[in-house]
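What follows is coords_32.csv (CSV, C-alpha atoms).
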```csv
chain,number,residue,atom,x,y,z
Z,1,MET,CA,0.0,0.0,0.0
Z,2,ASP,CA,1.5,3.4,-0.9
Z,3,LEU,CA,2.1,6.1,1.7
Z,4,GLU,CA,-0.9,8.2,0.7
Z,5,ALA,CA,-3.4,5.4,0.9
Z,6,GLN,CA,-2.0,4.4,4.2
Z,7,PHE,CA,-2.3,8.0,5.5
Z,8,GLU,CA,-5.9,8.3,4.3
Z,9,ARG,CA,-6.8,5.0,5.9
Z,10,ALA,CA,-5.3,6.0,9.2
Z,11,VAL,CA,-7.1,9.4,9.2
Z,12,GLU,CA,-10.4,7.8,8.3
Z,13,ALA,CA,-9.9,5.4,11.3
Z,14,GLU,CA,-9.6,8.6,13.5
Z,15,GLN,CA,-6.0,8.1,14.2
Z,16,ARG,CA,-4.0,11.2,15.0
Z,17,VAL,CA,-1.3,12.4,12.8
Z,18,GLU,CA,1.9,13.5,14.6
Z,19,PRO,CA,4.7,15.8,13.5
Z,20,ARG,CA,7.1,13.3,12.2
Z,21,ASP,CA,4.6,11.0,10.4
Z,22,TRP,CA,4.6,11.0,6.6
Z,23,MET,CA,1.8,13.3,5.3
Z,24,PRO,CA,0.7,14.5,1.9
Z,25,ASP,CA,2.1,17.9,0.9
Z,26,GLY,CA,-1.4,19.2,0.5
Z,27,TYR,CA,-2.3,18.2,4.0
Z,28,ARG,CA,0.8,19.9,5.4
Z,29,ARG,CA,0.1,23.1,3.3
Z,30,THR,CA,-3.5,23.2,4.3
Z,31,LEU,CA,-2.7,22.9,8.0
Z,32,VAL,CA,0.0,25.5,8.0
Z,33,ARG,CA,-2.3,27.9,6.2
Z,34,GLN,CA,-5.2,27.2,8.5
Z,35,ILE,CA,-3.3,27.2,11.7
Z,36,ALA,CA,-1.3,30.3,10.8
Z,37,GLN,CA,-4.4,32.1,9.9
Z,38,HIS,CA,-5.9,31.1,13.2
Z,39,ALA,CA,-2.8,32.2,15.0
Z,40,HIS,CA,-2.8,35.6,13.2
Z,41,SER,CA,-6.5,36.0,14.2
Z,42,GLU,CA,-5.7,35.6,17.9
Z,43,ILE,CA,-2.8,38.1,17.7
Z,44,ILE,CA,-4.8,40.7,15.6
Z,45,GLY,CA,-7.8,40.0,17.9
Z,46,MET,CA,-5.9,41.6,20.8
Z,47,GLN,CA,-6.3,45.0,19.1
Z,48,PRO,CA,-10.1,45.7,19.1
Z,49,GLU,CA,-10.4,44.9,22.8
Z,50,GLY,CA,-7.0,46.1,23.8
Z,51,ASN,CA,-8.4,49.4,22.7
Z,52,TRP,CA,-10.7,49.4,25.8
Z,53,ILE,CA,-8.3,48.3,28.5
Z,54,SER,CA,-7.4,51.9,29.6
Z,55,ARG,CA,-11.1,52.9,29.5
Z,56,ALA,CA,-12.7,50.0,31.3
Z,57,PRO,CA,-15.1,51.4,33.8
Z,58,SER,CA,-13.7,49.6,36.9
Z,59,LEU,CA,-10.6,47.9,38.2
Z,60,ARG,CA,-12.5,44.6,38.1
Z,61,ARG,CA,-13.4,45.0,34.4
Z,62,LYS,CA,-9.9,46.2,33.6
Z,63,ALA,CA,-8.3,43.2,35.2
Z,64,ILE,CA,-10.7,40.9,33.3
Z,65,LEU,CA,-10.1,42.5,30.0
Z,66,LEU,CA,-6.3,42.5,30.5
Z,67,ALA,CA,-6.5,38.7,31.3
Z,68,LYS,CA,-8.6,38.1,28.2
Z,69,VAL,CA,-6.3,40.0,25.9
Z,70,GLN,CA,-3.3,38.2,27.4
Z,71,ASP,CA,-5.1,34.9,26.7
Z,72,GLU,CA,-5.4,35.9,23.0
Z,73,ALA,CA,-1.6,36.4,22.9
Z,74,GLY,CA,-1.2,32.9,24.5
Z,75,HIS,CA,-3.6,31.3,22.0
Z,76,GLY,CA,-1.6,32.8,19.2
Z,77,LEU,CA,1.6,31.4,20.6
Z,78,TYR,CA,0.2,27.9,21.1
Z,79,LEU,CA,-0.9,27.9,17.4
Z,80,TYR,CA,2.3,29.3,16.0
Z,81,ALA,CA,4.1,26.6,17.9
Z,82,ALA,CA,1.8,24.0,16.2
Z,83,THR,CA,2.7,25.4,12.8
Z,84,GLU,CA,6.4,25.0,13.7
Z,85,THR,CA,5.9,21.3,14.2
Z,86,LEU,CA,5.0,21.2,10.5
Z,87,GLY,CA,8.2,22.9,9.5
Z,88,ALA,CA,6.9,26.5,9.3
Z,89,ASP,CA,9.2,29.3,10.4
Z,90,ARG,CA,7.8,31.8,12.9
Z,91,ASP,CA,9.4,34.8,11.3
Z,92,ASP,CA,8.1,33.9,7.9
Z,93,LEU,CA,4.6,33.7,9.3
Z,94,THR,CA,4.9,37.1,11.0
Z,95,GLY,CA,6.3,38.5,7.8
Z,96,MET,CA,3.3,37.1,5.9
Z,97,LEU,CA,0.9,38.7,8.3
Z,98,ILE,CA,2.5,42.2,8.4
Z,99,SER,CA,2.9,42.3,4.6
Z,100,GLY,CA,-0.7,41.3,4.2
Z,101,ARG,CA,0.1,38.0,2.4
Z,102,GLN,CA,-1.7,35.9,4.9
Z,103,LYS,CA,-5.1,36.6,6.3
Z,104,TYR,CA,-6.8,36.5,9.7
Z,105,SER,CA,-10.4,36.3,10.7
Z,106,SER,CA,-12.4,39.2,9.1
Z,107,ILE,CA,-14.3,39.9,12.3
Z,108,PHE,CA,-11.3,41.8,13.6
Z,109,ASN,CA,-11.5,44.3,10.7
Z,110,TYR,CA,-14.5,45.9,12.4
Z,111,PRO,CA,-14.0,48.7,14.9
Z,112,THR,CA,-15.0,48.6,18.6
Z,113,LEU,CA,-17.0,51.8,18.9
Z,114,SER,CA,-18.5,51.5,22.4
Z,115,TYR,CA,-17.7,49.7,25.6
Z,116,ALA,CA,-20.7,47.4,25.0
Z,117,ASP,CA,-18.6,46.0,22.2
Z,118,VAL,CA,-16.3,44.3,24.7
Z,119,GLY,CA,-19.3,42.4,26.0
Z,120,VAL,CA,-20.8,41.6,22.6
Z,121,ILE,CA,-17.4,40.4,21.3
Z,122,GLY,CA,-17.2,38.1,24.3
Z,123,TRP,CA,-20.7,36.8,23.9
Z,124,LEU,CA,-21.1,36.6,20.1
Z,125,VAL,CA,-17.6,36.7,18.6
Z,126,ASP,CA,-16.1,34.4,21.1
Z,127,GLY,CA,-19.3,32.3,21.1
Z,128,ALA,CA,-18.9,31.8,17.3
Z,129,ALA,CA,-15.2,31.1,17.8
Z,130,ILE,CA,-16.2,28.4,20.3
Z,131,CYS,CA,-18.6,26.8,17.8
Z,132,ASN,CA,-15.8,26.7,15.3
Z,133,GLN,CA,-13.2,25.5,17.7
Z,134,VAL,CA,-14.8,22.8,19.8
Z,135,PRO,CA,-14.9,20.4,16.8
Z,136,LEU,CA,-11.3,21.2,16.1
Z,137,CYS,CA,-10.3,19.6,19.4
Z,138,ARG,CA,-10.8,16.4,17.4
Z,139,THR,CA,-9.0,17.5,14.3
Z,140,SER,CA,-6.7,14.9,12.8
Z,141,TYR,CA,-3.4,16.7,13.4
Z,142,GLY,CA,-2.3,16.1,17.0
Z,143,PRO,CA,-0.5,19.3,17.9
Z,144,TYR,CA,-3.4,21.4,16.5
Z,145,ALA,CA,-6.0,19.4,18.4
Z,146,ARG,CA,-4.0,19.8,21.6
Z,147,ALA,CA,-3.7,23.5,21.1
Z,148,MET,CA,-7.4,23.7,20.5
Z,149,ILE,CA,-8.2,21.9,23.7
Z,150,ARG,CA,-6.3,24.5,25.7
Z,151,ILE,CA,-7.8,27.3,23.8
Z,152,CYS,CA,-11.4,26.1,24.2
Z,153,LYS,CA,-11.0,25.9,27.9
Z,154,GLU,CA,-9.9,29.5,28.1
Z,155,GLU,CA,-12.5,30.7,25.5
Z,156,SER,CA,-15.2,29.7,27.9
Z,157,PHE,CA,-14.1,32.4,30.3
Z,158,HIS,CA,-14.1,34.9,27.5
Z,159,GLN,CA,-17.7,34.2,26.5
Z,160,ARG,CA,-19.0,34.2,30.1
Z,161,GLN,CA,-17.3,37.4,31.0
Z,162,GLY,CA,-18.8,39.0,27.9
Z,163,TYR,CA,-22.3,37.8,28.7
Z,164,GLU,CA,-22.0,38.8,32.3
Z,165,LEU,CA,-20.8,42.3,31.3
Z,166,LEU,CA,-23.9,42.6,29.0
Z,167,MET,CA,-26.3,41.4,31.8
Z,168,THR,CA,-24.9,44.1,34.0
Z,169,MET,CA,-25.4,46.8,31.4
Z,170,MET,CA,-28.9,45.5,30.6
Z,171,SER,CA,-29.8,46.0,34.2
Z,172,GLY,CA,-28.6,49.6,34.1
Z,173,THR,CA,-30.0,52.7,32.5
Z,174,ASP,CA,-32.0,53.0,29.2
Z,175,ALA,CA,-28.9,54.5,27.6
Z,176,GLN,CA,-26.8,51.5,28.6
Z,177,ARG,CA,-29.5,49.1,27.2
Z,178,ALA,CA,-29.5,51.1,24.0
Z,179,MET,CA,-25.8,50.9,23.8
Z,180,VAL,CA,-25.9,47.1,24.1
Z,181,GLN,CA,-28.6,46.8,21.4
Z,182,GLU,CA,-26.7,49.1,19.1
Z,183,SER,CA,-23.6,46.9,19.5
Z,184,VAL,CA,-25.6,43.7,18.9
Z,185,ASP,CA,-26.9,45.2,15.7
Z,186,ARG,CA,-23.4,45.9,14.5
Z,187,TRP,CA,-21.8,42.5,15.5
Z,188,TRP,CA,-24.6,40.0,14.7
Z,189,TRP,CA,-24.0,39.8,10.9
Z,190,PRO,CA,-20.2,39.8,11.0
Z,191,SER,CA,-20.4,37.1,13.7
Z,192,LEU,CA,-22.4,34.9,11.2
Z,193,MET,CA,-19.8,35.6,8.6
Z,194,MET,CA,-17.1,34.1,10.9
Z,195,PHE,CA,-18.1,30.6,9.8
Z,196,GLY,CA,-17.0,31.4,6.3
Z,197,PRO,CA,-19.0,31.4,3.0
Z,198,PRO,CA,-21.9,29.1,2.4
Z,199,ASP,CA,-21.0,25.5,1.8
Z,200,ALA,CA,-21.7,25.7,-1.9
Z,201,GLU,CA,-19.0,28.4,-2.3
Z,202,SER,CA,-16.4,27.1,0.2
Z,203,SER,CA,-13.5,25.9,-1.9
Z,204,ASN,CA,-11.5,24.2,0.9
Z,205,THR,CA,-14.3,22.4,2.8
Z,206,GLU,CA,-14.5,19.1,1.0
Z,207,GLN,CA,-10.8,18.1,1.1
Z,208,SER,CA,-10.4,19.4,4.6
Z,209,MET,CA,-13.4,17.2,5.8
Z,210,LYS,CA,-11.9,14.2,4.0
Z,211,TRP,CA,-8.6,14.7,5.9
Z,212,ARG,CA,-10.5,15.3,9.1
Z,213,ILE,CA,-8.9,18.7,9.5
Z,214,LYS,CA,-12.4,20.2,9.5
Z,215,ARG,CA,-15.2,18.3,11.2
Z,216,ASN,CA,-18.3,20.2,10.3
Z,217,THR,CA,-19.3,22.4,7.3
Z,218,ASN,CA,-19.6,26.2,7.5
Z,219,ASP,CA,-23.4,26.1,7.3
Z,220,GLU,CA,-23.7,23.4,10.0
Z,221,LEU,CA,-21.7,25.4,12.4
Z,222,ARG,CA,-23.6,28.6,11.5
Z,223,GLN,CA,-26.9,26.9,12.2
Z,224,LYS,CA,-25.6,25.7,15.6
Z,225,PHE,CA,-24.5,29.2,16.5
Z,226,VAL,CA,-27.9,30.7,15.6
Z,227,ASP,CA,-29.7,28.1,17.6
Z,228,MET,CA,-27.5,28.7,20.6
Z,229,SER,CA,-27.7,32.5,20.5
Z,230,VAL,CA,-31.4,33.0,20.2
Z,231,PRO,CA,-32.3,31.9,23.8
Z,232,GLN,CA,-29.3,33.8,25.1
Z,233,ALA,CA,-30.5,37.0,23.3
Z,234,GLN,CA,-34.0,36.5,24.8
Z,235,LYS,CA,-32.7,36.1,28.3
Z,236,LEU,CA,-30.5,39.2,27.8
Z,237,GLY,CA,-33.4,41.2,26.5
Z,238,VAL,CA,-31.9,42.2,23.1
Z,239,THR,CA,-33.2,41.7,19.6
Z,240,LEU,CA,-31.1,40.0,17.0
Z,241,PRO,CA,-31.3,42.2,13.9
Z,242,ASP,CA,-32.7,39.6,11.5
Z,243,PRO,CA,-36.4,39.9,10.4
Z,244,GLU,CA,-36.2,36.4,8.9
Z,245,LEU,CA,-35.1,34.8,12.2
Z,246,LYS,CA,-37.8,32.4,13.4
Z,247,TRP,CA,-38.2,28.9,14.9
Z,248,ASN,CA,-38.9,26.2,12.3
Z,249,ALA,CA,-40.5,23.3,14.2
Z,250,GLU,CA,-40.3,21.0,11.2
Z,251,ARG,CA,-36.5,21.3,11.0
Z,252,GLY,CA,-36.0,21.6,14.7
Z,253,HIS,CA,-33.8,24.7,14.0
Z,254,HIS,CA,-34.2,28.4,13.5
Z,255,ASP,CA,-34.5,29.8,10.0
Z,256,PHE,CA,-32.4,32.9,9.5
Z,257,GLY,CA,-31.4,35.4,6.8
Z,258,GLN,CA,-28.1,35.4,5.0
Z,259,PRO,CA,-25.4,37.9,5.8
Z,260,ASP,CA,-24.3,40.4,3.1
Z,261,TRP,CA,-21.7,38.1,1.4
Z,262,GLU,CA,-20.7,41.0,-0.9
Z,263,GLU,CA,-19.5,42.8,2.3
Z,264,PHE,CA,-17.8,39.7,3.5
Z,265,TRP,CA,-15.7,39.4,0.3
Z,266,GLN,CA,-14.9,43.1,0.4
Z,267,VAL,CA,-13.5,42.7,4.0
Z,268,VAL,CA,-11.7,39.5,3.1
Z,269,GLY,CA,-10.2,41.4,0.1
Z,270,GLY,CA,-8.7,44.0,2.4
Z,271,ASN,CA,-11.4,46.7,2.2
Z,272,GLY,CA,-13.0,46.4,5.6
Z,273,PRO,CA,-13.3,49.3,8.0
Z,274,THR,CA,-10.0,48.7,9.8
Z,275,ASN,CA,-7.9,46.2,7.7
Z,276,ALA,CA,-5.1,48.7,7.0
Z,277,GLN,CA,-5.0,50.0,10.6
Z,278,ARG,CA,-4.8,46.5,12.1
Z,279,VAL,CA,-1.9,45.3,10.0
Z,280,ALA,CA,-0.1,48.6,10.3
Z,281,HIS,CA,-0.4,48.4,14.1
Z,282,ARG,CA,0.9,44.9,14.1
Z,283,ARG,CA,3.8,45.8,11.8
Z,284,LYS,CA,4.7,48.8,14.0
Z,285,ALA,CA,4.7,46.6,17.2
Z,286,HIS,CA,7.0,44.1,15.4
Z,287,GLU,CA,9.4,46.7,14.2
Z,288,ASP,CA,9.4,48.6,17.4
Z,289,GLY,CA,10.3,45.4,19.2
Z,290,GLU,CA,13.3,44.6,17.0
Z,291,TRP,CA,15.8,46.2,19.4
Z,292,VAL,CA,14.4,44.2,22.3
Z,293,ARG,CA,14.8,40.9,20.4
Z,294,ALA,CA,18.3,41.8,19.3
Z,295,ALA,CA,19.4,42.9,22.8
Z,296,ALA,CA,18.1,39.7,24.4
Z,297,ALA,CA,19.8,37.6,21.8
Z,298,ALA,CA,23.1,39.6,22.2
Z,299,HIS,CA,22.8,39.2,26.0
Z,300,ALA,CA,22.3,35.4,25.7
Z,301,SER,CA,25.2,34.9,23.3
Z,302,ARG,CA,27.5,37.0,25.5
Z,303,ARG,CA,26.5,34.9,28.6
Z,304,VAL,CA,27.3,31.7,26.7
Z,305,ALA,CA,30.7,33.1,25.7
Z,306,ARG,CA,31.5,34.3,29.2
Z,307,GLU,CA,30.0,31.4,31.3
Z,308,GLY,CA,29.7,28.7,28.8
Z,309,VAL,CA,26.0,28.2,29.7
Z,310,ALA,CA,23.0,28.4,27.4
W,311,MET,CA,14.6,38.2,15.1
W,312,SER,CA,12.8,35.4,17.0
W,313,SER,CA,14.1,32.7,14.7
W,314,SER,CA,17.6,33.4,16.0
W,315,TRP,CA,16.1,32.7,19.4
W,316,PRO,CA,16.3,28.9,19.9
W,317,LEU,CA,13.2,26.7,20.2
W,318,TRP,CA,12.5,25.3,23.7
W,319,GLU,CA,10.2,22.4,24.5
W,320,VAL,CA,8.2,23.0,27.7
W,321,PHE,CA,7.3,20.4,30.3
W,322,VAL,CA,5.0,21.2,33.2
W,323,ARG,CA,4.4,19.3,36.5
W,324,GLY,CA,0.7,19.7,37.1
W,325,LYS,CA,0.9,19.1,40.8
W,326,ARG,CA,3.3,17.4,43.2
W,327,GLY,CA,3.2,13.6,42.7
W,328,LEU,CA,2.8,13.8,38.9
W,329,ASN,CA,5.4,13.7,36.2
W,330,HIS,CA,6.4,16.6,34.1
W,331,VAL,CA,4.4,16.4,30.9
W,332,HIS,CA,5.2,18.0,27.5
W,333,VAL,CA,2.8,21.0,26.9
W,334,GLY,CA,4.3,22.7,23.9
W,335,SER,CA,7.2,24.9,22.8
W,336,LEU,CA,8.3,28.5,22.6
W,337,HIS,CA,11.2,30.7,21.4
W,338,ALA,CA,13.4,32.4,23.9
W,339,PRO,CA,17.0,33.8,23.9
W,340,ASP,CA,18.1,31.7,26.9
W,341,ALA,CA,17.0,29.2,29.4
W,342,GLU,CA,16.0,31.7,32.1
W,343,MET,CA,13.8,33.6,29.7
W,344,ALA,CA,12.4,30.4,28.4
W,345,VAL,CA,11.2,29.5,31.9
W,346,ARG,CA,9.7,32.9,32.5
W,347,ASN,CA,7.9,32.9,29.1
W,348,ALA,CA,6.7,29.3,29.7
W,349,ARG,CA,5.1,30.4,33.0
W,350,ASP,CA,3.2,33.2,31.1
W,351,VAL,CA,2.3,31.0,28.1
W,352,TYR,CA,1.5,27.7,29.7
W,353,THR,CA,0.6,28.2,33.3
W,354,ARG,CA,-1.8,31.2,33.5
W,355,ARG,CA,-4.4,29.2,35.4
W,356,ASN,CA,-2.4,27.3,38.0
W,357,GLU,CA,-1.6,24.5,35.5
W,358,GLY,CA,1.7,23.8,37.1
W,359,VAL,CA,4.0,23.8,40.1
W,360,SER,CA,7.2,23.2,38.2
W,361,ILE,CA,8.5,23.9,34.7
W,362,TRP,CA,11.3,22.3,32.7
W,363,VAL,CA,12.5,23.8,29.5
W,364,VAL,CA,14.8,21.8,27.1
W,365,PRO,CA,16.4,23.1,23.9
W,366,ALA,CA,14.4,21.4,21.2
W,367,ALA,CA,17.7,20.7,19.4
W,368,SER,CA,18.9,18.6,22.4
W,369,ILE,CA,16.1,16.0,22.2
W,370,THR,CA,17.0,12.7,20.7
W,371,ALA,CA,14.0,10.9,19.5
W,372,SER,CA,13.5,7.2,18.7
W,373,SER,CA,13.0,7.4,15.0
W,374,PRO,CA,11.4,9.6,12.3
W,375,ASP,CA,8.4,7.3,12.0
W,376,GLU,CA,6.5,6.7,15.3
W,377,LYS,CA,4.8,3.5,14.3
W,378,ASP,CA,7.7,1.4,13.0
W,379,PRO,CA,9.5,-1.9,13.7
W,380,PHE,CA,11.4,-0.2,16.6
W,381,PHE,CA,8.5,-1.1,18.9
W,382,GLU,CA,7.8,-4.5,17.4
W,383,PRO,CA,9.8,-6.6,19.9
W,384,SER,CA,7.1,-6.0,22.5
W,385,GLY,CA,4.2,-6.6,20.2
W,386,ASP,CA,4.3,-10.4,20.3
W,387,LYS,CA,5.0,-10.8,24.0
W,388,VAL,CA,1.5,-11.0,25.4
W,389,TYR,CA,2.8,-13.2,28.2
W,390,ARG,CA,4.2,-10.0,29.8
W,391,HIS,CA,0.7,-9.0,30.7
W,392,PRO,CA,-1.2,-10.4,33.7
W,393,THR,CA,-4.3,-11.0,31.6
W,394,PHE,CA,-2.3,-13.7,29.6
W,395,TYR,CA,-2.7,-16.1,32.5
W,396,GLU,CA,-5.9,-18.0,33.2
W,397,ILE,CA,-6.5,-18.5,36.9
W,398,PRO,CA,-9.7,-20.1,38.3
W,399,GLU,CA,-12.2,-17.5,39.7
W,400,ASP,CA,-12.2,-19.0,43.1
W,401,VAL,CA,-8.5,-18.4,43.8
W,402,PRO,CA,-8.5,-15.3,46.1
W,403,HIS,CA,-6.2,-12.3,45.9
W,404,LEU,CA,-4.7,-13.1,42.5
```
Could you render the structure as structure tokens?
Amino acid sequence: MDLEAQFERAVEAEQRVEPRDWMPDGYRRTLVRQIAQHAHSEIIGMQPEGNWISRAPSLRRKAILLAKVQDEAGHGLYLYAATETLGADRDDLTGMLISGRQKYSSIFNYPTLSYADVGVIGWLVDGAAICNQVPLCRTSYGPYARAMIRICKEESFHQRQGYELLMTMMSGTDAQRAMVQESVDRWWWPSLMMFGPPDAESSNTEQSMKWRIKRNTNDELRQKFVDMSVPQAQKLGVTLPDPELKWNAERGHHDFGQPDWEEFWQVVGGNGPTNAQRVAHRRKAHEDGEWVRAAAAAHASRRVAREGVA
Amino acid sequence: MSSSWPLWEVFVRGKRGLNHVHVGSLHAPDAEMAVRNARDVYTRRNEGVSIWVVPAASITASSPDEKDPFFEPSGDKVYRHPTFYEIPEDVPHL
């Protein structure tokens, strides 16, 4: 039996692929692209919320938000480490991100205009991320699956702190409730877009499902997210901005409208409200940090020379 | 650049009485920074009481393929397992 057939049989039998196993080039390429894109999303995802750390309304909220943004950095690092087990180079990946050659989740190309956005991002954006990520804990590539297990545990805190923040605001003044509703109106559709284009237009889904990299289709996950979010919205007292959203007893699921896919492709293509700003900020942070990296490396090599220790 | 920082493999002891277990890797300029970074990356929620970092380049592994004849010698020695032996039910403590 040739290597490829052996590989496909092992994957179909739900065996995990580990770094030094033989794997098809396409499998390796797909994984590096997907995991890097995911890592970039975590790192860029620090920006929209990091924006609110200095303006959080209390020390408690500030500490929570700091911890959350720090988690995003950690998630990015777990994932970059997973790409390195596939032979990717960390600097190459950073270079691809800051030169715009690799993408990250489009959701982070929308601005955070009010403090309610911190709550809505935790509830809806992290909620959608959890829907996407829980099945990835069983993805076929071992290091990716293990990184996802860690990430999912931590995302649960992200979602709950967001929902709790919103419950607090909803029990406040009319102005606070309006602020939450306005934020939900802006984030609902971009959150639905996080699952990617409809299955019929998703070019990577079929092969990725075959390789057990992906475990559910975009539309399946989107449906799951909508079904999950409706009762949460009711409990919170906000309206999801979709006139077509209603329970379909026959299907046992909610029917819902389609996001504006034209807008989605525009944002993916680099024309979202903050694409340029996000990448420029990341590039500046990387360039500004160059002297720190160089100094630490120089210090380490001098110590080795002087003391003979690594 | 970070790629000139070596790669370190990180092992964490979850609590006293357990082994250190591999949790992932990171880049750091030296061992001391590797331990500090490992604390921030891998133990933000009390996941550990002790951390080891090892230069990834210093690890010698059994073989490039993890399911190969190297482990075959133990495959056909079922008599090494207690379940190999049939003992009547009424023999106590065995």
At most 12 Å to chain Z: residues in chain W, all atoms listed in the file, as a PyMOL selection string: chain W and resi 311-320+332-344+347-355+357+363-366+368+371-378
Report as a PDB file with C-alpha atoms, keeping the file's coordinate frame all protein, DNA and RNA residues lying within 7 Å of Tyr104 in chain Z, evaluated on all atoms listed in the file, omitting residues in the same chain fewer than 2 positions from it.
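The new file around04.pdb reads:
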```
ATOM      1  CA  GLN Z  37      -4.400  32.100   9.900  1.00  0.00           C
ATOM      2  CA  HIS Z  38      -5.900  31.100  13.200  1.00  0.00           C
ATOM      3  CA  HIS Z  40      -2.800  35.600  13.200  1.00  0.00           C
ATOM      4  CA  SER Z  41      -6.500  36.000  14.200  1.00  0.00           C
ATOM      5  CA  SER Z 106     -12.400  39.200   9.100  1.00  0.00           C
TER       6      SER Z 106
END
```
Atom pair CA of Arg306 in chain Z / CA of Ser360 in chain W: separation (Å):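 Distance between the two atoms: 28.2 Å.
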Separation of CA of Leu66 in chain Z from CA of Ile53 in chain Z, in Å and rounded to one decimal: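 That distance, rounded to one decimal, is 6.5 Å.
If you look at CA of Gln258 in chain Z and CA of Gly196 in chain Z, they are 11.9 Å away from each other.
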Top pick for closest residue to Arg61 in chain Z, considering Z:Ala233, Z:Met96, Z:Val118, Z:Val32 and counting all atoms listed in the file: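 Closest residue, counting all atoms listed in the file: Z:Val118.
Shortest atom-to-atom contact with Thr239 in chain Z among Z:Glu201, Z:Arg186, Z:Glu287, Z:Trp261: Z:Arg186, counting all atoms listed in the file.
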Shell of 12 Å around Ala116 in chain Z, all atoms listed in the file, local chain residues under 2 positions omitted, as a PyMOL selection string: chain Z and resi 49+52+55-57+112-114+118-124+162-170+175-187
Non-local contacts of range 219-226 of chain Z (8 Å; all atoms listed in the file; under 2 positions in same chain excluded) as a ChimeraX atom specification: /Z:127-128,131-132,192,195,198-199,216-217,228-230,253-254,256
Point (-8.7, 12.8, 14.9) neighbourhood (9 Å, only C-alpha atoms) written as a count of residues only: 17
Taking all atoms of range 133-148 of chain Z that appear in the file, build a box with edges along x, y and z, extend it by 5 Å on every side, and state its centre and edge lengths in Å to one decimal, as JSON.
```
{"center_x": -7.7, "center_y": 20.2, "center_z": 17.2, "size_x": 24.4, "size_y": 20.6, "size_z": 18.8}
```
Protein, DNA and RNA residues within 10 Å of (4.1, 25.2, 41.8), only C-alpha atoms, as a PyMOL selection string: chain W and resi 322-326+353+356-361
